[in-house]
>>> print(open('run15.csv').read())   # CSV, C-alpha atoms
chain,number,residue,atom,x,y,z
Z,3,MET,CA,0.0,0.0,0.0
Z,4,LYS,CA,2.9,2.4,0.8
Z,5,THR,CA,4.2,1.6,-2.7
Z,6,LEU,CA,0.9,2.6,-4.2
Z,7,PHE,CA,0.9,5.8,-2.2
Z,8,LEU,CA,4.4,6.8,-3.6
Z,9,ILE,CA,3.5,5.9,-7.2
Z,10,VAL,CA,0.4,8.1,-7.1
Z,11,LEU,CA,2.5,11.0,-5.7
Z,12,PHE,CA,5.0,10.6,-8.6
Z,13,CYS,CA,2.3,10.4,-11.2
Z,14,LEU,CA,0.4,13.5,-10.3
Z,15,PRO,CA,2.8,16.2,-11.7
Z,16,SER,CA,2.3,14.8,-15.2
Z,17,TRP,CA,-1.5,15.5,-14.8
Z,18,TYR,CA,-1.0,18.7,-13.0
Z,19,CYS,CA,1.5,20.7,-15.0
Z,20,LYS,CA,-0.7,21.6,-18.0
Z,21,ALA,CA,-1.2,25.3,-18.2
Z,22,ASP,CA,1.5,27.5,-16.6
Z,23,GLU,CA,4.8,27.4,-18.3
Z,24,PRO,CA,7.4,26.4,-15.7
Z,25,ARG,CA,10.5,28.5,-15.2
Z,26,PHE,CA,13.7,26.8,-16.4
Z,27,GLN,CA,17.1,28.4,-15.6
Z,28,THR,CA,20.4,26.9,-16.6
Z,29,LYS,CA,22.5,29.3,-14.5
Z,30,PHE,CA,22.3,31.4,-11.3
Z,31,SER,CA,24.7,34.2,-10.3
Z,32,SER,CA,25.7,35.4,-6.8
Z,33,LYS,CA,24.7,39.0,-6.0
Z,34,ASP,CA,28.3,40.2,-6.3
Z,35,GLY,CA,28.6,38.5,-9.7
Z,36,LEU,CA,31.7,36.6,-8.8
Z,37,TYR,CA,30.2,33.1,-8.8
Z,38,GLU,CA,27.9,31.3,-11.2
Z,39,LEU,CA,26.1,28.0,-10.8
Z,40,ARG,CA,25.6,26.3,-14.2
Z,41,LEU,CA,23.7,23.3,-15.4
Z,42,LEU,CA,26.1,21.0,-17.2
Z,43,GLY,CA,23.6,18.4,-18.3
Z,44,THR,CA,20.7,16.1,-17.4
Z,45,ARG,CA,20.0,12.4,-17.7
Z,46,LYS,CA,17.1,10.0,-17.1
Z,47,ASP,CA,17.2,8.0,-13.8
Z,48,SER,CA,16.4,4.6,-15.1
Z,49,ALA,CA,16.6,3.1,-11.6
Z,50,ALA,CA,13.6,5.3,-10.5
Z,51,LYS,CA,11.3,4.4,-13.3
Z,52,TYR,CA,7.6,4.8,-12.6
Z,53,ALA,CA,4.3,4.8,-14.6
Z,54,ASP,CA,2.0,7.7,-15.4
Z,55,GLU,CA,-1.8,7.5,-15.2
Z,56,VAL,CA,-2.1,5.6,-18.5
Z,57,GLY,CA,0.8,3.2,-17.7
Z,58,SER,CA,3.5,4.8,-19.8
Z,59,ALA,CA,7.0,4.6,-18.4
Z,60,LEU,CA,8.4,7.8,-16.9
Z,61,TYR,CA,11.9,8.6,-15.6
Z,62,PRO,CA,12.8,11.3,-13.1
Z,63,THR,CA,15.4,13.7,-14.4
Z,64,VAL,CA,18.8,13.8,-12.7
Z,65,SER,CA,20.8,17.0,-13.1
Z,66,LYS,CA,24.5,17.8,-13.0
Z,67,TRP,CA,25.5,21.3,-11.8
Z,68,ALA,CA,28.9,23.0,-11.1
Z,69,MET,CA,30.0,26.2,-9.6
Z,70,PHE,CA,32.3,28.6,-11.5
Z,71,ALA,CA,34.3,31.7,-10.7
Z,72,THR,CA,33.1,34.2,-13.3
Z,73,GLN,CA,36.3,36.2,-13.6
Z,74,THR,CA,38.5,33.2,-14.4
Z,75,GLN,CA,35.8,30.8,-15.7
Z,76,GLN,CA,37.4,28.2,-13.5
Z,77,MET,CA,35.2,25.3,-12.3
Z,78,LEU,CA,35.4,25.3,-8.5
Z,79,TYR,CA,33.4,22.1,-7.7
Z,80,PHE,CA,30.7,19.8,-9.0
Z,81,PHE,CA,27.4,19.3,-7.4
Z,82,GLU,CA,26.4,15.7,-6.5
Z,83,ASP,CA,23.9,14.3,-9.0
Z,84,SER,CA,20.5,15.5,-7.9
Z,85,ASN,CA,16.8,15.2,-8.9
Z,86,ASP,CA,16.0,18.4,-7.0
Z,87,ASN,CA,15.1,20.2,-10.2
Z,88,ILE,CA,17.1,23.2,-9.3
Z,89,ALA,CA,16.4,24.6,-12.8
Z,90,LEU,CA,12.8,25.1,-11.8
Z,91,LYS,CA,13.6,26.8,-8.5
Z,92,THR,CA,15.7,29.7,-7.2
Z,93,ALA,CA,19.3,29.2,-6.3
Z,94,LEU,CA,20.8,31.8,-3.8
Z,95,ILE,CA,24.6,31.8,-3.8
Z,96,SER,CA,26.7,33.0,-0.9
Z,97,ASP,CA,29.4,35.6,-1.5
Z,98,ASN,CA,32.2,33.0,-1.2
Z,99,GLY,CA,30.4,30.6,-3.6
Z,100,ASN,CA,30.7,27.7,-1.2
Z,101,ARG,CA,27.2,27.5,0.0
Z,102,ILE,CA,23.8,27.9,-1.7
Z,103,ALA,CA,20.2,27.8,-0.7
Z,104,VAL,CA,17.7,26.3,-3.2
Z,105,LEU,CA,14.2,27.7,-2.7
Z,106,ASP,CA,11.1,26.3,-4.4
Z,107,ASP,CA,9.2,29.6,-4.5
Z,108,TRP,CA,6.9,28.7,-7.4
Z,109,SER,CA,6.1,25.0,-7.1
Z,110,ALA,CA,4.9,22.8,-9.9
Z,111,GLY,CA,4.3,19.8,-7.6
Z,112,VAL,CA,1.6,18.7,-5.2
Z,113,PRO,CA,1.4,20.4,-1.8
Z,114,PHE,CA,1.9,17.3,0.4
Z,115,TYR,CA,3.3,17.5,3.9
Z,116,ASN,CA,6.7,16.1,2.8
Z,117,TYR,CA,7.1,18.1,-0.3
Z,118,GLY,CA,10.7,19.6,-0.2
Z,119,VAL,CA,10.7,23.3,-0.6
Z,120,LEU,CA,14.1,24.5,0.8
Z,121,SER,CA,17.6,22.8,0.6
Z,122,PHE,CA,21.0,24.0,1.7
Z,123,TYR,CA,24.2,22.9,0.0
Z,124,GLU,CA,27.9,23.2,1.0
Z,125,ARG,CA,30.3,22.8,-2.0
Z,126,GLY,CA,27.8,20.7,-3.8
Z,127,HIS,CA,26.7,18.4,-1.0
Z,128,LYS,CA,23.2,18.8,0.5
Z,129,ILE,CA,23.5,19.5,4.2
Z,130,LYS,CA,19.9,20.3,5.1
Z,131,GLU,CA,16.4,20.1,3.7
Z,132,TYR,CA,13.0,21.4,4.8
Z,133,VAL,CA,9.6,20.3,3.7
Z,134,LEU,CA,6.3,22.1,3.4
Z,135,HIS,CA,5.2,20.8,6.8
Z,136,ASP,CA,8.1,22.6,8.4
Z,137,PHE,CA,6.6,26.0,7.3
Z,138,LEU,CA,2.8,25.5,7.3
Z,139,CYS,CA,0.3,24.3,9.7
Z,140,SER,CA,-1.9,23.1,6.9
Z,141,CYS,CA,-1.4,22.2,3.2
Z,142,GLY,CA,-4.4,24.6,2.6
Z,143,SER,CA,-2.4,27.7,3.4
Z,144,ILE,CA,-1.2,28.1,-0.2
Z,145,SER,CA,-2.1,30.2,-3.2
Z,146,SER,CA,-2.4,28.6,-6.6
Z,147,SER,CA,-2.5,29.2,-10.3
Z,148,VAL,CA,-3.7,26.4,-12.7
Z,149,SER,CA,-0.6,24.3,-12.3
Z,150,HIS,CA,1.6,25.9,-9.7
Z,151,PHE,CA,1.3,26.8,-6.1
Z,152,SER,CA,3.0,29.4,-3.8
Z,153,TRP,CA,3.5,28.7,-0.1
Z,154,LEU,CA,5.4,31.9,0.8
Z,155,THR,CA,4.6,35.5,0.5
Z,156,LYS,CA,8.1,36.9,0.3
Z,157,TYR,CA,11.8,36.1,1.0
Z,158,ARG,CA,14.9,38.1,1.6
Z,159,PHE,CA,18.5,36.8,1.0
Z,160,ALA,CA,21.3,38.7,2.7
Z,161,PRO,CA,24.7,37.3,1.5
Z,162,LEU,CA,26.7,39.5,3.8
Z,163,THR,CA,25.1,38.1,6.9
Z,164,ASN,CA,24.4,34.6,5.3
Z,165,SER,CA,20.8,34.8,6.3
Z,166,LEU,CA,17.6,33.9,4.5
Z,167,THR,CA,14.3,35.2,5.7
Z,168,ILE,CA,11.0,33.6,4.5
Z,169,SER,CA,7.4,34.7,5.3
Z,170,THR,CA,4.3,32.6,4.8
Z,171,TYR,CA,0.6,33.2,4.3
Z,172,GLU,CA,0.1,32.1,7.9
Z,173,LEU,CA,1.9,35.3,9.0
Z,174,ASN,CA,4.9,33.4,10.3
Z,175,THR,CA,8.5,34.5,9.5
Z,176,PHE,CA,11.5,32.1,9.5
Z,177,VAL,CA,15.2,33.1,9.5
Z,178,PHE,CA,17.8,30.6,8.4
Z,179,ASP,CA,21.6,30.5,8.6
Z,180,VAL,CA,22.8,29.8,5.0
Z,181,THR,CA,26.2,28.5,6.2
Z,182,SER,CA,24.7,25.7,8.3
Z,183,GLY,CA,21.1,25.5,7.0
Z,184,ASN,CA,19.9,25.8,10.6
Z,185,LEU,CA,16.7,27.6,11.5
Z,186,LEU,CA,17.7,30.6,13.6
Z,187,SER,CA,14.2,31.9,14.5
Z,188,LYS,CA,10.5,31.6,13.9
Z,189,ARG,CA,8.2,34.4,14.8
Z,190,GLN,CA,4.5,35.0,14.5
Z,191,ASP,CA,3.1,38.4,13.5
Z,192,THR,CA,2.0,40.3,16.6
Z,193,ALA,CA,-1.3,41.1,15.0
Z,194,LEU,CA,-2.3,37.5,15.6
Z,195,THR,CA,-4.0,37.5,19.0
Z,196,THR,CA,-6.3,35.2,21.0
Z,197,THR,CA,-9.3,37.1,19.7
Z,198,SER,CA,-8.3,37.3,16.0
Z,199,VAL,CA,-9.0,35.0,13.1
Z,200,LEU,CA,-6.9,34.6,10.0
Z,201,VAL,CA,-9.1,33.2,7.3
Z,202,SER,CA,-9.5,32.9,3.5
Z,203,GLY,CA,-12.7,32.6,1.6
Z,204,GLN,CA,-15.4,34.3,-0.5
Z,205,VAL,CA,-16.6,37.7,0.8
Z,206,GLN,CA,-20.1,39.0,0.4
Z,207,LYS,CA,-21.2,42.6,1.2
Z,208,THR,CA,-24.2,42.7,3.5
Z,209,PHE,CA,-24.6,46.5,3.7
Z,210,SER,CA,-22.4,49.6,4.0
Z,211,GLN,CA,-19.0,48.6,5.3
Z,212,HIS,CA,-20.4,45.3,6.6
Z,213,TYR,CA,-19.3,42.0,5.1
Z,214,GLU,CA,-19.5,38.2,5.6
Z,215,LEU,CA,-16.7,35.8,4.7
Z,216,THR,CA,-17.4,32.1,4.0
Z,217,VAL,CA,-14.3,30.3,5.2
Z,218,SER,CA,-12.5,28.0,2.8
Z,219,GLN,CA,-9.3,28.0,4.9
Z,220,ARG,CA,-8.6,28.8,8.5
Z,221,MET,CA,-5.0,29.6,9.6
Z,222,HIS,CA,-5.5,31.1,13.0
Z,223,GLY,CA,-8.3,31.5,15.6
Z,224,VAL,CA,-11.7,30.1,16.2
Z,225,VAL,CA,-14.3,30.2,13.4
Z,226,PRO,CA,-18.1,30.0,14.1
Z,227,GLU,CA,-19.7,26.6,13.6
Z,228,ASN,CA,-21.5,27.8,10.5
Z,229,GLY,CA,-18.2,28.7,8.8
Z,230,LYS,CA,-19.0,32.3,8.3
Z,231,VAL,CA,-17.3,35.3,9.8
Z,232,ALA,CA,-19.1,38.7,9.9
Z,233,PHE,CA,-17.0,41.9,10.0
Z,234,THR,CA,-16.7,45.5,9.1
Z,235,SER,CA,-14.1,47.1,6.8
Z,236,GLN,CA,-13.3,50.7,5.9
Z,237,LYS,CA,-11.5,49.4,2.8
Z,238,ASN,CA,-14.0,48.5,0.1
Z,239,LEU,CA,-14.0,44.8,-0.8
Z,240,ARG,CA,-15.5,43.4,-4.0
Z,241,SER,CA,-18.5,41.2,-3.2
Z,242,GLY,CA,-18.0,37.7,-4.6
Z,243,ASN,CA,-14.2,37.8,-4.6
Z,244,TYR,CA,-11.9,35.6,-2.5
Z,245,TYR,CA,-9.7,37.3,0.1
Z,246,THR,CA,-7.4,36.3,2.9
Z,247,LEU,CA,-8.2,38.5,5.9
Z,248,LEU,CA,-7.2,39.1,9.5
Z,249,ILE,CA,-10.3,39.9,11.5
Z,250,ASP,CA,-10.4,40.8,15.2
Z,251,ASN,CA,-13.6,41.5,17.2
Z,252,GLY,CA,-15.6,41.9,14.0
Z,253,ARG,CA,-13.2,44.3,12.3
Z,254,ARG,CA,-10.8,43.8,9.4
Z,255,ILE,CA,-7.2,44.4,10.6
Z,256,ASP,CA,-4.3,45.7,8.5
Z,257,ALA,CA,-1.3,43.5,9.0
Z,258,PRO,CA,2.1,44.1,7.2
Z,259,GLY,CA,3.0,41.1,5.0
Z,260,LEU,CA,-0.6,39.9,4.7
Z,261,TYR,CA,-1.6,39.3,1.0
Z,262,GLU,CA,-5.3,40.0,1.2
Z,263,ASP,CA,-5.9,39.2,-2.5
Z,264,ALA,CA,-4.5,35.7,-2.0
Z,265,ASN,CA,-7.0,33.0,-3.0
Z,266,LEU,CA,-6.0,30.2,-0.7
Z,267,ASN,CA,-7.2,26.7,-1.5
Z,268,SER,CA,-10.7,27.7,-2.6
Z,269,GLY,CA,-11.5,24.9,-5.1
Z,270,THR,CA,-8.7,25.2,-7.6
Z,271,PHE,CA,-6.9,22.1,-6.5
Z,272,GLU,CA,-9.1,19.5,-8.2
Z,273,TYR,CA,-6.2,17.2,-9.1
Z,274,GLU,CA,-4.9,17.2,-5.5
Z,275,LYS,CA,-8.4,16.7,-4.1
Z,276,LYS,CA,-8.9,13.7,-6.4
Z,277,LEU,CA,-5.5,12.3,-5.5
Z,278,ARG,CA,-6.1,12.6,-1.8
Z,279,GLN,CA,-9.4,10.9,-2.0
Z,280,GLU,CA,-7.9,8.0,-4.0
Z,281,VAL,CA,-5.0,7.7,-1.5
Z,282,GLU,CA,-7.3,7.8,1.4
Z,283,SER,CA,-9.6,5.1,0.0
Z,284,ALA,CA,-6.6,3.0,-0.8
Z,285,GLY,CA,-5.4,3.1,2.8
Z,286,GLY,CA,-2.4,5.3,2.0
Z,287,LEU,CA,-3.1,7.5,5.1
Z,288,LYS,CA,-2.0,4.7,7.3
Z,289,THR,CA,1.6,5.5,6.5
Z,290,LEU,CA,1.2,9.0,8.0
Z,291,THR,CA,1.8,10.1,11.5
Z,292,ALA,CA,-1.0,11.8,13.4
Z,293,ASP,CA,0.7,15.2,12.9
Z,294,GLN,CA,1.1,14.6,9.2
Z,295,LYS,CA,-2.4,13.4,8.8
Z,296,ASP,CA,-3.8,16.6,10.4
Z,297,PHE,CA,-1.7,18.6,8.0
Z,298,PHE,CA,-3.0,16.5,5.1
Z,299,LEU,CA,-6.7,16.3,6.0
Z,300,GLU,CA,-7.1,19.9,7.0
Z,301,GLY,CA,-6.3,21.0,3.5
Z,302,VAL,CA,-8.7,18.4,2.1
Z,303,MET,CA,-11.6,19.7,4.3
Z,304,HIS,CA,-11.1,23.2,2.9
Z,305,LEU,CA,-10.8,22.4,-0.8
Z,306,GLY,CA,-14.5,23.2,-1.5
Z,307,ALA,CA,-17.3,21.1,-2.8
Z,308,SER,CA,-16.7,18.3,-5.3
>>> encode(input="run15.csv", output="structure tokens")
Amino acid sequence: MKTLFLIVLFCLPSWYCKADEPRFQTKFSSKDGLYELRLLGTRKDSAAKYADEVGSALYPTVSKWAMFATQTQQMLYFFEDSNDNIALKTALISDNGNRIAVLDDWSAGVPFYNYGVLSFYERGHKIKEYVLHDFLCSCGSISSSVSHFSWLTKYRFAPLTNSLTISTYELNTFVFDVTSGNLLSKRQDTALTTTSVLVSGQVQKTFSQHYELTVSQRMHGVVPENGKVAFTSQKNLRSGNYYTLLIDNGRRIDAPGLYEDANLNSGTFEYEKKLRQEVESAGGLKTLTADQKDFFLEGVMHLGAS
């Protein structure tokens, strides 16, 4: 059963990546321009062969990368062969060229709890990796296009201090040490209080400056049993649109870093929803820990009607 679970996970990206053109970069430069990470080539990993939804053979792509000094064009070191798909992500290079962080900031995969979104390397060897579950309380706290998803709102890379700062839709900010890959701090926005709710869903205007949000995703606070949050807002909101809002004591609250126009998990993840239903019916959830299952199922509950 665990094998079936893994096969389905591998198969989904071939269904899922149909509309948005993925980014594909063959080189990345450090901020000071002294170092450049280059793609040397790719090959099929025949040992990891799997089948797509119609039974055709598919092979993960293994990439070969190397770091170069741009002034001399000297190759400094190779990267270990990897199927991390760095070309589809963002590689952030330290000022001495020895360490990089690879950030999956526009993901083409499926938002499962163990989906790798951040890796750290030292001279081509992976030293640390973080998955979606390390950043989000629920796999529903993401924004999507037709075939990609975003789990962060912004990031800031500071080569001089070797720090990487990442903020999420759940209003949490993480700071990492690029030299070690260690998490230095995690802090929650002070606007999140015991009386506030951070929710995403469709908003309807009831009368002047009065609105009601039907919750499709809850990230903080207690939501009424009927799944609707009434509030007032001095800012005009378009009735029928989806918003992500922070509401406290019946009032919409401005919070720095909150992307109110984000449409979080409001019915656009039909492929993931179908997959999760199939995995659940096949018993695949038995392989998850209780914590992982909560992360997995909370996103399912807020995917909208079938």
>>> axis_aligned_box(input="run15.csv", around="segment 167-174 of chain Z", padding_each_side="8 Å", output="lines of an AutoDock Vina configuration file")
center_x = 7.2
center_y = 33.7
center_z = 7.3
size_x = 30.2
size_y = 19.2
size_z = 22.0
>>> closest_residue(input="run15.csv", among="Z:Asn100, Z:Ser145, Z:Asn251, Z:Gln219", to="Thr197 of chain Z", atoms="only C-alpha atoms")
Z:Asn251
>>> closest_residue(input="run15.csv", among="Z:Arg101, Z:His127, Z:His222, Z:Lys33", to="Ala193 of chain Z", atoms="all atoms listed in the file")
Z:His222
>>> atom_distance(input="run15.csv", atom1="atom CA of Thr163 of chain Z", atom2="atom CA of Lys66 of chain Z")
28.4 Å
>>> closest_residue(input="run15.csv", among="Z:Ile95, Z:Leu134, Z:Leu60, Z:Leu200", to="Phe151 of chain Z", atoms="all atoms listed in the file")
Z:Leu134
>>> residues_near_point(input="run15.csv", point="(-3.9, 43.4, 3.0)", cutoff="12 Å", atoms="all atoms listed in the file", output="ChimeraX atom specification")
/Z:155,171,173,200,202,235,237-239,245-249,254-264
>>> residues_around(input="run15.csv", residues="Phe26 of chain Z", least_positions_apart="4", cutoff="9 Å", atoms="only C-alpha atoms", output="ChimeraX atom specification")
/Z:88-91
>>> atom_distance(input="run15.csv", atom1="atom CA of Lys29 of chain Z", atom2="atom CA of Ala93 of chain Z")
8.8 Å
>>> build_atoms(input="run15.csv", residues="segment 150-169 of chain Z", atoms="N, CA and C atoms", output="CSV table (one decimal), in the coordinates of the input")
chain,number,residue,atom,x,y,z
Z,150,HIS,N,0.6,25.6,-10.7
Z,150,HIS,CA,1.6,25.9,-9.7
Z,150,HIS,C,1.0,26.3,-8.4
Z,151,PHE,N,1.8,26.3,-7.4
Z,151,PHE,CA,1.3,26.8,-6.1
Z,151,PHE,C,2.5,27.6,-5.4
Z,152,SER,N,2.1,28.6,-4.6
Z,152,SER,CA,3.0,29.4,-3.8
Z,152,SER,C,2.7,29.2,-2.3
Z,153,TRP,N,3.7,28.9,-1.5
Z,153,TRP,CA,3.5,28.7,-0.1
Z,153,TRP,C,4.1,29.8,0.7
Z,154,LEU,N,4.8,30.7,0.1
Z,154,LEU,CA,5.4,31.9,0.8
Z,154,LEU,C,4.9,33.2,0.2
Z,155,THR,N,5.0,34.2,1.0
Z,155,THR,CA,4.6,35.5,0.5
Z,155,THR,C,5.8,36.4,0.0
Z,156,LYS,N,6.9,36.2,0.7
Z,156,LYS,CA,8.1,36.9,0.3
Z,156,LYS,C,9.4,36.2,0.9
Z,157,TYR,N,10.5,36.5,0.4
Z,157,TYR,CA,11.8,36.1,1.0
Z,157,TYR,C,12.8,37.1,0.8
Z,158,ARG,N,13.8,37.1,1.7
Z,158,ARG,CA,14.9,38.1,1.6
Z,158,ARG,C,16.2,37.3,1.9
Z,159,PHE,N,17.2,37.4,0.9
Z,159,PHE,CA,18.5,36.8,1.0
Z,159,PHE,C,19.5,37.8,1.3
Z,160,ALA,N,20.3,37.7,2.4
Z,160,ALA,CA,21.3,38.7,2.7
Z,160,ALA,C,22.7,38.0,2.7
Z,161,PRO,N,23.4,38.0,1.6
Z,161,PRO,CA,24.7,37.3,1.5
Z,161,PRO,C,25.7,37.7,2.5
Z,162,LEU,N,25.7,39.0,2.9
Z,162,LEU,CA,26.7,39.5,3.8
Z,162,LEU,C,26.6,38.9,5.2
Z,163,THR,N,25.3,38.7,5.6
Z,163,THR,CA,25.1,38.1,6.9
Z,163,THR,C,24.7,36.6,6.8
Z,164,ASN,N,24.8,36.1,5.6
Z,164,ASN,CA,24.4,34.6,5.3
Z,164,ASN,C,23.1,34.3,5.9
Z,165,SER,N,22.1,35.1,5.8
Z,165,SER,CA,20.8,34.8,6.3
Z,165,SER,C,19.7,34.8,5.2
Z,166,LEU,N,18.7,34.0,5.4
Z,166,LEU,CA,17.6,33.9,4.5
Z,166,LEU,C,16.3,34.0,5.3
Z,167,THR,N,15.5,35.0,5.0
Z,167,THR,CA,14.3,35.2,5.7
Z,167,THR,C,13.1,34.9,4.8
Z,168,ILE,N,12.1,34.1,5.3
Z,168,ILE,CA,11.0,33.6,4.5
Z,168,ILE,C,9.7,33.9,5.3
Z,169,SER,N,8.7,34.5,4.7
Z,169,SER,CA,7.4,34.7,5.3
Z,169,SER,C,6.3,34.0,4.6
